[in-house]
Every structure is written in C-alpha cells, then in structure tokens.
>>> print(open('work32.pdb').read())   # PDB, C-alpha atoms
ATOM      1  CA  MET A   1      71.935 -16.562   3.388
ATOM      2  CA  LEU A   2      72.644 -13.975   0.676
ATOM      3  CA  ALA A   3      76.316 -13.515  -0.160
ATOM      4  CA  ASP A   4      78.439 -11.080   1.850
ATOM      5  CA  ASP A   5      79.401  -9.101  -1.250
ATOM      6  CA  GLY A   6      76.913  -6.267  -1.101
ATOM      7  CA  THR A   7      74.070  -8.340  -2.532
ATOM      8  CA  THR A   8      70.828  -7.273  -0.864
ATOM      9  CA  THR A   9      68.078  -8.472  -3.197
ATOM     10  CA  ALA A  10      67.045 -11.837  -4.541
ATOM     11  CA  LEU A  11      67.217 -10.447  -8.071
ATOM     12  CA  GLN A  12      70.856  -9.415  -7.663
ATOM     13  CA  ALA A  13      71.783 -12.766  -6.154
ATOM     14  CA  ALA A  14      69.936 -14.707  -8.859
ATOM     15  CA  GLY A  15      71.733 -12.766 -11.580
ATOM     16  CA  LYS A  16      75.092 -13.935 -10.265
ATOM     17  CA  ALA A  17      73.962 -17.550 -10.056
ATOM     18  CA  LEU A  18      72.627 -17.429 -13.609
ATOM     19  CA  ALA A  19      75.972 -16.279 -14.979
ATOM     20  CA  ARG A  20      77.103 -19.908 -15.128
ATOM     21  CA  LYS A  21      77.311 -21.560 -18.547
ATOM     22  CA  TYR A  22      75.795 -24.753 -17.159
ATOM     23  CA  LEU A  23      73.212 -24.099 -14.505
ATOM     24  CA  SER A  24      71.870 -27.644 -14.769
ATOM     25  CA  PRO A  25      73.818 -30.533 -16.301
ATOM     26  CA  LEU A  26      70.585 -31.646 -17.993
ATOM     27  CA  ARG A  27      69.311 -30.127 -21.238
ATOM     28  CA  TYR A  28      65.780 -28.797 -21.450
ATOM     29  CA  PRO A  29      64.636 -26.621 -24.397
ATOM     30  CA  GLY A  30      64.076 -23.013 -23.393
ATOM     31  CA  GLY A  31      65.357 -23.910 -19.921
ATOM     32  CA  LYS A  32      63.465 -22.876 -16.824
ATOM     33  CA  ARG A  33      66.429 -20.745 -15.830
ATOM     34  CA  LYS A  34      64.622 -18.014 -17.756
ATOM     35  CA  LEU A  35      61.961 -17.980 -15.036
ATOM     36  CA  VAL A  36      64.436 -17.580 -12.187
ATOM     37  CA  THR A  37      64.712 -13.796 -12.456
ATOM     38  CA  HIS A  38      60.921 -13.602 -12.624
ATOM     39  CA  VAL A  39      60.625 -15.540  -9.348
ATOM     40  CA  ALA A  40      63.453 -13.607  -7.676
ATOM     41  CA  ALA A  41      61.763 -10.308  -8.531
ATOM     42  CA  ALA A  42      58.490 -11.619  -7.103
ATOM     43  CA  LEU A  43      60.232 -12.525  -3.847
ATOM     44  CA  ASP A  44      61.744  -9.045  -3.634
ATOM     45  CA  ARG A  45      58.345  -7.429  -4.200
ATOM     46  CA  ASN A  46      56.994  -9.435  -1.299
ATOM     47  CA  GLY A  47      59.874  -8.441   0.958
ATOM     48  CA  THR A  48      61.273 -11.978   1.228
ATOM     49  CA  PRO A  49      64.618 -12.113  -0.625
ATOM     50  CA  GLU A  50      65.514 -15.134   1.520
ATOM     51  CA  ILE A  51      63.384 -18.236   2.105
ATOM     52  CA  ASP A  52      63.871 -21.469   4.000
ATOM     53  CA  ARG A  53      62.841 -23.949   1.338
ATOM     54  CA  ILE A  54      62.114 -24.257  -2.390
ATOM     55  CA  ILE A  55      60.082 -27.316  -3.399
ATOM     56  CA  GLU A  56      59.858 -28.664  -6.968
ATOM     57  CA  PRO A  57      57.396 -31.553  -7.343
ATOM     58  CA  PHE A  58      58.301 -31.791 -11.065
ATOM     59  CA  SER A  59      62.034 -31.161 -11.026
ATOM     60  CA  GLY A  60      63.222 -32.024 -14.533
ATOM     61  CA  GLY A  61      66.396 -29.992 -14.951
ATOM     62  CA  ALA A  62      65.910 -28.439 -11.481
ATOM     63  CA  ALA A  63      67.143 -25.049 -12.714
ATOM     64  CA  MET A  64      64.887 -23.134 -10.342
ATOM     65  CA  SER A  65      66.040 -24.898  -7.181
ATOM     66  CA  ILE A  66      69.702 -24.913  -8.184
ATOM     67  CA  SER A  67      69.592 -21.170  -8.855
ATOM     68  CA  LEU A  68      67.911 -20.284  -5.571
ATOM     69  CA  ILE A  69      70.214 -22.533  -3.547
ATOM     70  CA  GLU A  70      73.435 -21.288  -5.163
ATOM     71  CA  ALA A  71      72.281 -17.680  -4.957
ATOM     72  CA  GLY A  72      71.706 -18.032  -1.223
ATOM     73  CA  ILE A  73      68.018 -17.204  -1.660
ATOM     74  CA  ALA A  74      66.844 -20.610  -0.401
ATOM     75  CA  ASN A  75      68.519 -22.552   2.375
ATOM     76  CA  GLN A  76      67.160 -25.938   1.281
ATOM     77  CA  ALA A  77      65.713 -27.527  -1.867
ATOM     78  CA  ILE A  78      63.288 -30.419  -2.168
ATOM     79  CA  LEU A  79      63.467 -32.083  -5.593
ATOM     80  CA  ASN A  80      61.041 -34.686  -6.882
ATOM     81  CA  ASP A  81      60.435 -36.371 -10.210
ATOM     82  CA  LEU A  82      58.214 -39.293 -11.098
ATOM     83  CA  ASP A  83      60.662 -40.479 -13.759
ATOM     84  CA  PRO A  84      63.015 -42.873 -11.924
ATOM     85  CA  LEU A  85      65.901 -41.982 -14.250
ATOM     86  CA  VAL A  86      65.602 -38.265 -13.492
ATOM     87  CA  SER A  87      65.190 -38.781  -9.763
ATOM     88  CA  ALA A  88      68.144 -41.206  -9.753
ATOM     89  CA  PHE A  89      70.275 -38.606 -11.519
ATOM     90  CA  TRP A  90      69.600 -35.959  -8.886
ATOM     91  CA  LYS A  91      69.956 -38.427  -6.017
ATOM     92  CA  VAL A  92      73.461 -39.272  -7.238
ATOM     93  CA  VAL A  93      74.429 -35.659  -7.957
ATOM     94  CA  PHE A  94      73.458 -34.608  -4.447
ATOM     95  CA  SER A  95      75.197 -37.496  -2.715
ATOM     96  CA  ASP A  96      78.712 -38.678  -1.925
ATOM     97  CA  ARG A  97      78.591 -40.780  -5.129
ATOM     98  CA  HIS A  98      78.570 -37.795  -7.467
ATOM     99  CA  TYR A  99      82.274 -38.428  -8.140
ATOM    100  CA  GLU A 100      81.400 -41.792  -9.656
ATOM    101  CA  LEU A 101      78.971 -40.151 -12.065
ATOM    102  CA  ALA A 102      81.496 -37.464 -12.997
ATOM    103  CA  ASP A 103      84.077 -40.150 -13.782
ATOM    104  CA  ARG A 104      81.588 -42.029 -15.957
ATOM    105  CA  ILE A 105      80.964 -38.846 -17.918
ATOM    106  CA  LEU A 106      84.688 -38.240 -18.449
ATOM    107  CA  ASP A 107      85.234 -41.825 -19.622
ATOM    108  CA  ALA A 108      82.122 -42.097 -21.813
ATOM    109  CA  ASN A 109      82.370 -43.227 -25.423
ATOM    110  CA  VAL A 110      79.749 -41.029 -27.060
ATOM    111  CA  THR A 111      78.735 -42.946 -30.168
ATOM    112  CA  LEU A 112      75.548 -44.084 -31.837
ATOM    113  CA  ALA A 113      76.296 -47.629 -30.652
ATOM    114  CA  GLU A 114      76.490 -46.441 -27.048
ATOM    115  CA  TRP A 115      73.264 -44.486 -27.520
ATOM    116  CA  GLU A 116      71.524 -47.652 -28.730
ATOM    117  CA  LYS A 117      72.959 -49.579 -25.797
ATOM    118  CA  GLN A 118      71.787 -47.054 -23.235
ATOM    119  CA  ARG A 119      68.333 -46.927 -24.804
ATOM    120  CA  SER A 120      67.898 -50.696 -24.529
ATOM    121  CA  GLU A 121      69.401 -51.246 -21.076
ATOM    122  CA  ASN A 122      67.446 -51.416 -17.831
ATOM    123  CA  PRO A 123      70.100 -50.420 -15.286
ATOM    124  CA  ALA A 124      69.893 -51.749 -11.751
ATOM    125  CA  SER A 125      72.320 -49.529  -9.842
ATOM    126  CA  ILE A 126      71.490 -45.920  -9.090
ATOM    127  CA  VAL A 127      74.727 -44.658 -10.674
ATOM    128  CA  ASP A 128      73.962 -46.584 -13.876
ATOM    129  CA  LYS A 129      70.473 -45.032 -13.913
ATOM    130  CA  ALA A 130      71.934 -41.573 -13.385
ATOM    131  CA  PHE A 131      74.406 -42.084 -16.219
ATOM    132  CA  LYS A 132      71.686 -43.348 -18.569
ATOM    133  CA  CYS A 133      69.660 -40.237 -17.765
ATOM    134  CA  ILE A 134      72.386 -37.711 -18.576
ATOM    135  CA  PHE A 135      73.735 -39.685 -21.544
ATOM    136  CA  LEU A 136      70.370 -39.873 -23.313
ATOM    137  CA  ASN A 137      69.443 -36.355 -22.268
ATOM    138  CA  ARG A 138      72.567 -34.869 -23.834
ATOM    139  CA  THR A 139      72.670 -37.077 -26.941
ATOM    140  CA  SER A 140      68.975 -37.149 -27.899
ATOM    141  CA  PHE A 141      66.987 -34.552 -29.813
ATOM    142  CA  SER A 142      65.718 -31.774 -27.511
ATOM    143  CA  GLY A 143      67.125 -33.640 -24.527
ATOM    144  CA  SER A 144      64.060 -35.872 -24.408
ATOM    145  CA  LEU A 145      64.111 -39.276 -22.684
ATOM    146  CA  ASN A 146      60.939 -40.302 -24.492
ATOM    147  CA  PRO A 147      61.390 -43.649 -26.325
ATOM    148  CA  SER A 148      60.187 -42.084 -29.576
ATOM    149  CA  THR A 149      63.016 -39.522 -29.613
ATOM    150  CA  GLY A 150      65.981 -40.072 -31.907
ATOM    151  CA  PRO A 151      69.675 -39.255 -31.433
ATOM    152  CA  LEU A 152      71.261 -35.940 -32.247
ATOM    153  CA  GLY A 153      72.515 -36.089 -35.818
ATOM    154  CA  GLY A 154      70.003 -38.789 -36.745
ATOM    155  CA  LYS A 155      70.620 -42.497 -37.190
ATOM    156  CA  ALA A 156      72.761 -41.779 -40.271
ATOM    157  CA  GLN A 157      74.861 -39.187 -38.385
ATOM    158  CA  LYS A 158      74.997 -36.942 -41.450
ATOM    159  CA  SER A 159      73.809 -33.821 -39.668
ATOM    160  CA  GLY A 160      76.038 -30.894 -38.820
ATOM    161  CA  ASN A 161      75.178 -31.566 -35.184
ATOM    162  CA  PRO A 162      76.492 -35.080 -34.441
ATOM    163  CA  ILE A 163      75.601 -37.155 -31.431
ATOM    164  CA  ASP A 164      78.428 -35.791 -29.266
ATOM    165  CA  CYS A 165      77.874 -32.092 -30.023
ATOM    166  CA  ARG A 166      76.292 -31.461 -26.583
ATOM    167  CA  TRP A 167      78.688 -33.702 -24.651
ATOM    168  CA  ASN A 168      81.207 -31.343 -23.076
ATOM    169  CA  ALA A 169      82.602 -33.911 -20.667
ATOM    170  CA  GLU A 170      85.019 -31.778 -18.645
ATOM    171  CA  GLU A 171      82.499 -28.991 -18.068
ATOM    172  CA  LEU A 172      79.716 -31.414 -17.188
ATOM    173  CA  ALA A 173      81.922 -33.290 -14.722
ATOM    174  CA  GLU A 174      83.042 -30.045 -13.112
ATOM    175  CA  ARG A 175      79.421 -28.920 -12.755
ATOM    176  CA  ILE A 176      78.447 -32.177 -11.081
ATOM    177  CA  TRP A 177      81.394 -31.892  -8.684
ATOM    178  CA  SER A 178      80.303 -28.371  -7.706
ATOM    179  CA  LEU A 179      76.671 -29.391  -7.215
ATOM    180  CA  GLY A 180      77.742 -32.383  -5.134
ATOM    181  CA  ARG A 181      79.085 -29.982  -2.524
ATOM    182  CA  LEU A 182      75.489 -28.893  -1.854
ATOM    183  CA  SER A 183      74.304 -32.385  -0.942
ATOM    184  CA  ASP A 184      73.531 -31.487   2.685
ATOM    185  CA  ARG A 185      71.023 -28.872   1.480
ATOM    186  CA  VAL A 186      69.063 -30.927  -1.063
ATOM    187  CA  ARG A 187      66.639 -33.828  -0.688
ATOM    188  CA  VAL A 188      65.458 -35.850  -3.676
ATOM    189  CA  TYR A 189      62.346 -38.004  -4.055
ATOM    190  CA  ASN A 190      60.686 -40.229  -6.657
ATOM    191  CA  ARG A 191      57.026 -39.793  -5.772
ATOM    192  CA  ASP A 192      53.685 -38.792  -7.200
ATOM    193  CA  PHE A 193      53.090 -35.064  -6.737
ATOM    194  CA  ARG A 194      50.022 -35.715  -4.574
ATOM    195  CA  SER A 195      52.076 -37.659  -2.052
ATOM    196  CA  LEU A 196      54.796 -35.020  -1.923
ATOM    197  CA  ILE A 197      52.328 -32.174  -1.381
ATOM    198  CA  ARG A 198      50.562 -34.031   1.426
ATOM    199  CA  SER A 199      53.828 -34.832   3.204
ATOM    200  CA  TYR A 200      55.370 -31.380   3.118
ATOM    201  CA  ARG A 201      52.123 -29.559   3.654
ATOM    202  CA  SER A 202      51.707 -31.585   6.859
ATOM    203  CA  ALA A 203      55.312 -30.936   7.896
ATOM    204  CA  HIS A 204      54.950 -27.187   7.383
ATOM    205  CA  THR A 205      51.718 -27.124   9.384
ATOM    206  CA  ARG A 206      53.758 -28.358  12.338
ATOM    207  CA  ASN A 207      56.320 -25.609  11.676
ATOM    208  CA  PRO A 208      54.347 -22.408  11.022
ATOM    209  CA  ASP A 209      57.505 -20.266  10.808
ATOM    210  CA  MET A 210      58.752 -22.160   7.732
ATOM    211  CA  LEU A 211      59.067 -19.883   4.696
ATOM    212  CA  ALA A 212      58.591 -22.268   1.790
ATOM    213  CA  LEU A 213      57.952 -21.616  -1.891
ATOM    214  CA  TRP A 214      56.508 -24.285  -4.187
ATOM    215  CA  TYR A 215      57.434 -24.238  -7.866
ATOM    216  CA  PHE A 216      55.231 -26.415 -10.078
ATOM    217  CA  ASP A 217      56.334 -27.191 -13.622
ATOM    218  CA  PRO A 218      54.050 -30.119 -14.560
ATOM    219  CA  PRO A 219      53.899 -31.951 -17.891
ATOM    220  CA  PHE A 220      52.258 -29.784 -20.521
ATOM    221  CA  PHE A 221      48.751 -30.271 -21.820
ATOM    222  CA  HIS A 222      49.904 -30.615 -25.427
ATOM    223  CA  LYS A 223      52.552 -32.948 -26.877
ATOM    224  CA  ALA A 224      53.540 -34.180 -23.415
ATOM    225  CA  ASP A 225      53.513 -37.769 -24.634
ATOM    226  CA  LYS A 226      56.206 -36.798 -27.157
ATOM    227  CA  LEU A 227      58.374 -34.960 -24.622
ATOM    228  CA  TYR A 228      58.363 -37.057 -21.469
ATOM    229  CA  ARG A 229      58.376 -40.672 -20.363
ATOM    230  CA  TYR A 230      55.713 -39.872 -17.771
ATOM    231  CA  TRP A 231      52.948 -37.419 -18.580
ATOM    232  CA  PHE A 232      49.571 -36.250 -17.272
ATOM    233  CA  LYS A 233      46.137 -37.552 -18.086
ATOM    234  CA  ASP A 234      43.219 -35.131 -17.888
ATOM    235  CA  GLU A 235      42.444 -36.201 -14.334
ATOM    236  CA  ASP A 236      46.036 -35.408 -13.284
ATOM    237  CA  HIS A 237      45.745 -31.844 -14.583
ATOM    238  CA  ARG A 238      42.469 -31.457 -12.684
ATOM    239  CA  ALA A 239      43.943 -33.007  -9.539
ATOM    240  CA  LEU A 240      46.874 -30.576  -9.562
ATOM    241  CA  ALA A 241      44.495 -27.607  -9.876
ATOM    242  CA  SER A 242      42.499 -28.944  -6.943
ATOM    243  CA  TYR A 243      45.602 -29.389  -4.787
ATOM    244  CA  LEU A 244      46.815 -25.881  -5.581
ATOM    245  CA  LYS A 245      43.459 -24.399  -4.643
ATOM    246  CA  ARG A 246      43.862 -25.897  -1.160
ATOM    247  CA  LEU A 247      47.603 -25.302  -0.760
ATOM    248  CA  ASP A 248      47.920 -22.631   1.917
ATOM    249  CA  GLU A 249      51.531 -21.742   1.100
ATOM    250  CA  PRO A 250      53.072 -19.530  -1.598
ATOM    251  CA  TRP A 251      53.416 -21.178  -4.996
ATOM    252  CA  ILE A 252      54.142 -20.475  -8.631
ATOM    253  CA  LEU A 253      53.003 -22.599 -11.565
ATOM    254  CA  SER A 254      54.241 -22.673 -15.163
ATOM    255  CA  TYR A 255      52.252 -24.327 -17.972
ATOM    256  CA  ASP A 256      52.063 -24.288 -21.734
ATOM    257  CA  SER A 257      49.901 -21.332 -22.681
ATOM    258  CA  CYS A 258      46.940 -23.185 -24.132
ATOM    259  CA  PRO A 259      43.138 -22.820 -23.869
ATOM    260  CA  GLU A 260      42.863 -25.712 -21.421
ATOM    261  CA  ALA A 261      45.376 -24.235 -18.953
ATOM    262  CA  ARG A 262      44.012 -20.700 -19.266
ATOM    263  CA  HIS A 263      40.489 -21.915 -18.599
ATOM    264  CA  MET A 264      41.518 -24.077 -15.634
ATOM    265  CA  TYR A 265      43.258 -21.161 -13.888
ATOM    266  CA  ARG A 266      41.071 -18.331 -15.168
ATOM    267  CA  HIS A 267      39.984 -17.219 -11.677
ATOM    268  CA  TYR A 268      43.506 -16.416 -10.464
ATOM    269  CA  ALA A 269      44.361 -12.729 -10.581
ATOM    270  CA  GLY A 270      48.075 -13.513 -10.621
ATOM    271  CA  ARG A 271      47.962 -15.094 -14.061
ATOM    272  CA  GLY A 272      50.202 -13.879 -16.863
ATOM    273  CA  ALA A 273      52.548 -14.994 -19.606
ATOM    274  CA  VAL A 274      56.311 -15.261 -19.908
ATOM    275  CA  ASP A 275      58.078 -15.298 -23.244
ATOM    276  CA  MET A 276      60.352 -18.344 -23.242
ATOM    277  CA  ARG A 277      61.881 -17.853 -26.699
ATOM    278  CA  TYR A 278      65.120 -19.721 -27.256
ATOM    279  CA  THR A 279      67.388 -20.809 -30.066
ATOM    280  CA  ALA A 280      67.933 -24.333 -31.296
ATOM    281  CA  ALA A 281      70.304 -25.797 -33.842
ATOM    282  CA  LYS A 282      68.773 -28.076 -36.443
ATOM    283  CA  ALA A 283      70.107 -29.274 -39.776
ATOM    284  CA  LYS A 284      72.996 -26.765 -39.867
ATOM    285  CA  THR A 285      70.715 -23.825 -39.083
ATOM    286  CA  VAL A 286      69.937 -21.885 -35.940
ATOM    287  CA  GLN A 287      66.246 -21.402 -35.342
ATOM    288  CA  LYS A 288      64.558 -19.020 -32.922
ATOM    289  CA  ILE A 289      61.786 -20.900 -31.177
ATOM    290  CA  GLU A 290      58.795 -18.845 -30.047
ATOM    291  CA  CYS A 291      57.318 -20.289 -26.878
ATOM    292  CA  THR A 292      55.011 -18.598 -24.394
ATOM    293  CA  GLU A 293      54.263 -20.168 -21.048
ATOM    294  CA  MET A 294      51.407 -19.309 -18.751
ATOM    295  CA  ILE A 295      52.441 -18.368 -15.235
ATOM    296  CA  VAL A 296      50.112 -18.458 -12.256
ATOM    297  CA  GLU A 297      51.432 -16.917  -9.060
ATOM    298  CA  ASN A 298      50.110 -17.099  -5.543
ATOM    299  CA  ILE A 299      53.027 -15.567  -3.672
ATOM    300  CA  LYS A 300      52.503 -13.807  -0.368
ATOM    301  CA  PHE A 301      54.612 -14.329   2.744
ATOM    302  CA  ARG A 302      53.260 -13.268   6.086
ATOM    303  CA  LYS A 303      52.314 -14.958   9.340
ATOM    304  CA  ASN A 304      48.991 -16.781   9.353
ATOM    305  CA  TRP A 305      48.684 -16.296   5.607
ATOM    306  CA  SER A 306      46.005 -18.299   3.841
ATOM    307  CA  ALA A 307      45.412 -18.908   0.160
ATOM    308  CA  LEU A 308      41.778 -18.185   0.867
ATOM    309  CA  ASP A 309      42.611 -14.602   1.856
ATOM    310  CA  VAL A 310      44.362 -13.495  -1.309
ATOM    311  CA  GLN A 311      44.561 -15.598  -4.428
ATOM    312  CA  ALA A 312      47.529 -13.700  -5.766
ATOM    313  CA  SER A 313      49.710 -10.865  -4.575
ATOM    314  CA  ILE A 314      51.151 -10.023  -7.991
ATOM    315  CA  PRO A 315      49.041  -8.431 -10.726
ATOM    316  CA  THR A 316      48.661 -10.030 -14.110
ATOM    317  CA  VAL A 317      51.850  -9.366 -16.064
ATOM    318  CA  LYS A 318      53.501 -10.155 -19.335
ATOM    319  CA  ALA A 319      57.210 -10.455 -18.875
ATOM    320  CA  VAL A 320      59.735 -10.926 -21.646
ATOM    321  CA  ILE A 321      62.902 -12.688 -20.560
ATOM    322  CA  ASN A 322      65.596 -13.067 -23.191
TER     323      ASN A 322
END
>>> encode(input="work32.pdb", output="structure tokens")
Amino acid sequence: MLADDGTTTALQAAGKALARKYLSPLRYPGGKRKLVTHVAAALDRNGTPEIDRIIEPFSGGAAMSISLIEAGIANQAILNDLDPLVSAFWKVVFSDRHYELADRILDANVTLAEWEKQRSENPASIVDKAFKCIFLNRTSFSGSLNPSTGPLGGKAQKSGNPIDCRWNAEELAERIWSLGRLSDRVRVYNRDFRSLIRSYRSAHTRNPDMLALWYFDPPFFHKADKLYRYWFKDEDHRALASYLKRLDEPWILSYDSCPEARHMYRHYAGRGAVDMRYTAAKAKTVQKIECTEMIVENIKFRKNWSALDVQASIPTVKAVIN
C-alpha cells in the first residue's frame, strides 16, 4: 500500500500526507494531525507500517484516518460520529455527492445572517446537513458546533478576525473533491461507540488475519459540554474503559490529561503524554495554547495476540510534537 517512491516506513509516508495545508476540511483546535506521526512511529516500532483498517469511533475531523489512508498506511477507514451533522458531513464527502457539497461551499454567502440561518435550521437532506456542519464549523469560534458557541468576529463583527476569515472556499472545495476520490475505501456510521465496537469486534473475530487499529478520541472529561453537541456522562467514560479492557485488538486512546483520566487508565504501562500546543488568533493577537493530552497505547500486532497477554507494547513516553 505504501507509495512506490522509496517510502518504506509509516513515518515517512505519514510525513508526506501531513504536508497538505488542509488535511481535514473541518477545524478542530490543536488538530489531531499532530498525533499522526506518533501513531506512525508506533506502527513502525511494531513492524507493521501497513495495516488493513483504521477505525475511529469518535471521528470529529477524522485527521487520523485521512492521514493513514492517503499515506497508504491503511487500506480502509471506518469513521463514526454520534453527532448526525458530523456523520452526515463525512458520508457526503466520501460519496458520489461530494461534488454537490463542494459547489455549495463555492457558492456560499458567508455572513452573520447566514450563520444565524444555519444555526436555526433543521435540515432534512444529507447534503444540507453536511453543509450546515462545515459552515458552522468554519465560521464559529474554535470550530465548535455547540449551541452556546458564537460566530468568529462576534455578533458585532468588530474583531480583526471576521466571520469569513476561515472560509477559503476554493481550497476547501478542492480538498473535498480529492477526498471524494477515496469513497470506495471509507465507510461512515452514526452510531453509539458501544454498537460500533461490538459490530467490528465480531467481524474481526471471523477474520483473524485482519490487521486493524482502533483510534479512540472520545469527548473530554472537562468542558466537553462547551465543546461538543454530544458529550459523555460519567457512565460513558467508565463504559469506554470497560470496552477497551476487553478489546483484543490494537488500540490507541487520546484524552484530556486530567486526574480522572489518569486514574482510570493508571494500570496501563503504555500511558504517556503528548504536547498538543497550537496557536490561535483572538482579538487581533496570536496566542500559543498549551494543551497536553494523555495517550494510552495498546499496540501489538501478531497472530493470536490478546490484550490479556500484554497491556502495552510501547513504554511510557512523553512526546513533543510541534
């Protein structure tokens, strides 16, 4: 699957994929693309620069899956998001209707009035849902779809960063066209993570030669209700930990580095931290945002592997990715 250009490692291939200005058309602060090199290096250390399938039960911007697919590291991606707007966006992007979405982006009138309209509408068609998702994502503060989030530039539009400052229509349309060409390699769902894990875990049991990697990026413990439209309750965090304990396939988990997460996953040897610092423009200034995420890894590919044998193949690390 890796490119025929001398690329022999997942890390080399990932580096080329990450060279794009827009990896994902959706905006997410401190984007998960910063974890891609970390995952690629982990795959190389385990001697598996190529895998059959990457699965993201909490897709969001889907930067991880897009990177691994375009780099030739993964042959197939399974995307899932409980937010129907996000799942609709990816379903359209990876379908033969992605041209319709690209045209809507090129023709969009990016104004505060349109932002208010999109916020209040309840679209019926999947293309309308996809457009609402990307419009609000790229015109709202921090890319959040949460109803409490305001527009870029504020309601008065007196900021140095007006509502259309992240709307680069031609580049976004071109990115969606390029991703649409990968539609035969991507499946998209709108399901609860428990259902998705049960389905694919069962499918992989029937196909023991499947090399699949799960990437979990669930809603954070803190401030999730301010960031997302759908977030976790305490029992959801506990349920995910329980499912991961029984998941007998390689996986990697990223969480906000907080006492609750560290305590919940304290028994995993492959627990570390990744510096996710990023810059953000606000009120005519550029701020450097310090953000550390906890990473828990349980990556080991070999026949008849079981999570009960080795909890983690990678020692605790602290990686800084700029």
>>> resolve_selection(input="work32.pdb", expression="the PyMOL selection byres ((chain A and resi 133) around 8)", output="list in words")
Leu85, Val86, Phe89, Lys129, Ala130, Phe131, Lys132, Ile134, Phe135, Leu136, Asn137 and Leu145 of chain A
>>> resolve_selection(input="work32.pdb", expression="the PyMOL selection byres ((chain A and resi 214) around 9)", output="list in words")
Arg53, Ile54, Ile55, Glu56, Pro57, Ala212, Leu213, Tyr215, Phe216, Glu249, Pro250, Trp251, Ile252 and Leu253 of chain A
>>> resolve_selection(input="work32.pdb", expression="the PyMOL selection byres ((chain A and resi 10) around 9)", output="ChimeraX atom specification")
/A:2,7-9,11-15,37,39-44,48-50,68,71-73
>>> write_last_selection(input="work32.pdb", atoms="C-alpha atoms", output="compact mmCIF listing (two decimals), in the coordinates of the input")
# COMPACT_ATOMS: atom_id res chain seq x y z
CA LEU A 2 72.64 -13.98 0.68
CA THR A 7 74.07 -8.34 -2.53
CA THR A 8 70.83 -7.27 -0.86
CA THR A 9 68.08 -8.47 -3.20
CA LEU A 11 67.22 -10.45 -8.07
CA GLN A 12 70.86 -9.41 -7.66
CA ALA A 13 71.78 -12.77 -6.15
CA ALA A 14 69.94 -14.71 -8.86
CA GLY A 15 71.73 -12.77 -11.58
CA THR A 37 64.71 -13.80 -12.46
CA VAL A 39 60.62 -15.54 -9.35
CA ALA A 40 63.45 -13.61 -7.68
CA ALA A 41 61.76 -10.31 -8.53
CA ALA A 42 58.49 -11.62 -7.10
CA LEU A 43 60.23 -12.52 -3.85
CA ASP A 44 61.74 -9.04 -3.63
CA THR A 48 61.27 -11.98 1.23
CA PRO A 49 64.62 -12.11 -0.62
CA GLU A 50 65.51 -15.13 1.52
CA LEU A 68 67.91 -20.28 -5.57
CA ALA A 71 72.28 -17.68 -4.96
CA GLY A 72 71.71 -18.03 -1.22
CA ILE A 73 68.02 -17.20 -1.66
>>> atom_distance(input="work32.pdb", atom1="CA of Gly61 in chain A", atom2="CA of Ser144 in chain A")
11.4 Å
>>> closest_residue(input="work32.pdb", among="A:Glu100, A:Asp234, A:Pro147, A:Pro84", to="Pro123 in chain A", atoms="all atoms listed in the file")
A:Pro84
>>> atom_distance(input="work32.pdb", atom1="CA of Pro259 in chain A", atom2="CA of Ala239 in chain A")
17.6 Å
>>> atom_distance(input="work32.pdb", atom1="CA of Tyr268 in chain A", atom2="CA of Ser65 in chain A")
24.3 Å
>>> closest_residue(input="work32.pdb", among="A:Arg185, A:Arg138, A:Arg97, A:Arg266", to="Pro162 in chain A", atoms="all atoms listed in the file")
A:Arg138
